[in-house]
Amino acid sequence: MTQNELQVLVMEISKKYFGWPFKHIARFNTRLKTTGGRYLLVSHDLEFNLKMANLPEFEGIVKHELVHYHLHMQQRGYQHKDLDFKKLLAQVGGSRFAPSLKQEQTTQCFWLYCCENGHNMTRKRRFQEKNYRCGQCGGKIRFLGQTSNK
């Protein structure tokens, strides 16, 4: 999605769901990481997370930011805690929170080591055995292999 397509989308959603025009700039901000978008109070512009543009929940994110925008322009309660905000957000069907972009946690890998006297140890990070000794007996450490937690 390009900047122009985003601008058109925001204007269409504003007209369709709110009945009011969106007269400012909507743009992508690549520095946004965990938030779906934000409303800028001084310039009245909207910024959106580019990584969330292809998600099915993106329209809900746009509606959320437009609720901030329209309520602020009407000098009504535009903050999350305000009743006006909560009512209008529920009315237009905007999303309350941005979806998480984190992937499913992958299988954790563990590295197995053993000292020359048979003391076993597992580590999350691999290390060079020649630089370390066993903490229990001071013996040399050798690498055995890797395992996973599943």
# chains A, B, ... in the order shown; residues from 1 in each chain; ligands from 1

call {"tool": "residues_around", "arguments": {"residues": "segment 73-83 of chain A", "least_positions_apart": "6", "cutoff": "12 Å", "atoms": "only C-alpha atoms", "output": "number ranges by chain"}}
result
A: 20-24, 38-45, 64-67, 89-90, 95-97

call {"tool": "residues_around", "arguments": {"residues": "Leu112 of chain A", "least_positions_apart": "4", "cutoff": "7 Å", "atoms": "only C-alpha atoms", "output": "compact mmCIF listing (two decimals) with N, CA and C atoms, in the first residue's frame"}}
result
# COMPACT_ATOMS: atom_id res chain seq x y z
N MET A 121 25.98 -30.17 31.94
CA MET A 121 25.44 -28.81 32.01
C MET A 121 24.76 -28.48 30.70
N THR A 122 23.69 -27.68 30.79
CA THR A 122 23.00 -27.18 29.60
C THR A 122 23.04 -25.66 29.60
N ARG A 123 23.15 -25.09 28.42
CA ARG A 123 23.22 -23.64 28.28
C ARG A 123 22.32 -23.20 27.14
N PHE A 143 31.97 -30.37 24.36
CA PHE A 143 30.64 -30.15 23.78
C PHE A 143 30.02 -31.48 23.40
N LEU A 144 28.75 -31.70 23.78
CA LEU A 144 28.06 -32.94 23.44
C LEU A 144 27.10 -32.79 22.27
N GLY A 145 26.43 -31.68 22.17
CA GLY A 145 25.45 -31.48 21.10
C GLY A 145 24.37 -30.53 21.53
N GLN A 146 23.26 -30.55 20.82
CA GLN A 146 22.17 -29.64 21.17
C GLN A 146 20.88 -30.42 21.34

call {"tool": "select_by_dssp", "arguments": {"residues": "chain A", "states": "helix (DSSP H, G or I)", "output": "count of residues only"}}
result
48

call {"tool": "closest_residue", "arguments": {"among": "A:Phe85, A:Tyr113, A:Phe58, A:Phe28", "to": "Tyr132 of chain A", "atoms": "only C-alpha atoms"}}
result
A:Tyr113

call {"tool": "residues_around", "arguments": {"residues": "Val62 of chain A", "least_positions_apart": "2", "cutoff": "12 Å", "atoms": "only C-alpha atoms", "output": "PyMOL selection string"}}
result
chain A and resi 6-14+17-18+22+26-28+35-39+46-49+52-53+55-60+64-69+89+92-98

call {"tool": "atom_distance", "arguments": {"atom1": "atom CA of Lys86 of chain A", "atom2": "atom CA of Gly19 of chain A"}}
result
17.9 Å

call {"tool": "atom_distance", "arguments": {"atom1": "atom CA of Leu50 of chain A", "atom2": "atom CA of Arg31 of chain A"}}
result
9.0 Å

call {"tool": "select_by_dssp", "arguments": {"residues": "segment 11-116 of chain A", "states": "strand (DSSP E or B)", "output": "CSV table (one decimal) with N, CA and C atoms, in the first residue's frame"}}
result
chain,number,residue,atom,x,y,z
A,26,ALA,N,-2.6,11.6,6.0
A,26,ALA,CA,-2.4,10.3,6.6
A,26,ALA,C,-1.1,9.7,5.9
A,27,ARG,N,-0.2,9.2,6.8
A,27,ARG,CA,1.0,8.7,6.2
A,27,ARG,C,1.5,7.5,7.0
A,28,PHE,N,2.4,6.7,6.4
A,28,PHE,CA,3.1,5.6,7.1
A,28,PHE,C,4.3,6.2,7.9
A,37,GLY,N,-1.0,2.9,15.1
A,37,GLY,CA,-1.1,4.2,14.5
A,37,GLY,C,-1.1,5.2,15.6
A,38,ARG,N,-1.0,6.5,15.2
A,38,ARG,CA,-1.1,7.6,16.2
A,38,ARG,C,-1.7,8.8,15.6
A,39,TYR,N,-2.4,9.6,16.4
A,39,TYR,CA,-2.9,10.9,16.0
A,39,TYR,C,-2.0,12.0,16.6
A,46,LEU,N,-2.4,11.8,10.8
A,46,LEU,CA,-2.5,10.5,11.3
A,46,LEU,C,-1.2,9.7,10.8
A,47,GLU,N,-0.6,8.9,11.6
A,47,GLU,CA,0.5,8.1,11.2
A,47,GLU,C,0.2,6.7,11.5
A,48,PHE,N,0.6,5.8,10.6
A,48,PHE,CA,0.2,4.4,10.7
A,48,PHE,C,1.5,3.5,10.6
A,109,CYS,N,16.4,-23.8,21.9
A,109,CYS,CA,17.5,-24.7,21.7
A,109,CYS,C,18.4,-24.6,22.9
A,110,PHE,N,18.9,-25.7,23.4
A,110,PHE,CA,19.8,-25.8,24.5
A,110,PHE,C,21.1,-26.5,24.0
A,111,TRP,N,22.2,-26.1,24.5
A,111,TRP,CA,23.5,-26.7,24.2
A,111,TRP,C,23.9,-27.6,25.4
A,112,LEU,N,24.4,-28.8,25.1
A,112,LEU,CA,24.8,-29.8,26.1
A,112,LEU,C,26.3,-29.8,26.2
A,113,TYR,N,26.8,-29.8,27.5
A,113,TYR,CA,28.2,-29.9,27.7
A,113,TYR,C,28.4,-30.9,28.8
A,114,CYS,N,29.6,-31.4,28.9
A,114,CYS,CA,30.0,-32.4,29.9
A,114,CYS,C,31.5,-32.1,30.3
A,115,CYS,N,31.8,-32.2,31.5
A,115,CYS,CA,33.2,-32.1,31.9
A,115,CYS,C,33.9,-33.5,31.9

call {"tool": "atom_distance", "arguments": {"atom1": "atom CA of Leu101 of chain A", "atom2": "atom CA of Asp84 of chain A"}}
result
29.0 Å

call {"tool": "closest_residue", "arguments": {"among": "A:Lys130, A:Lys140, A:Lys102, A:Thr147", "to": "Gly118 of chain A", "atoms": "only C-alpha atoms"}}
result
A:Lys140
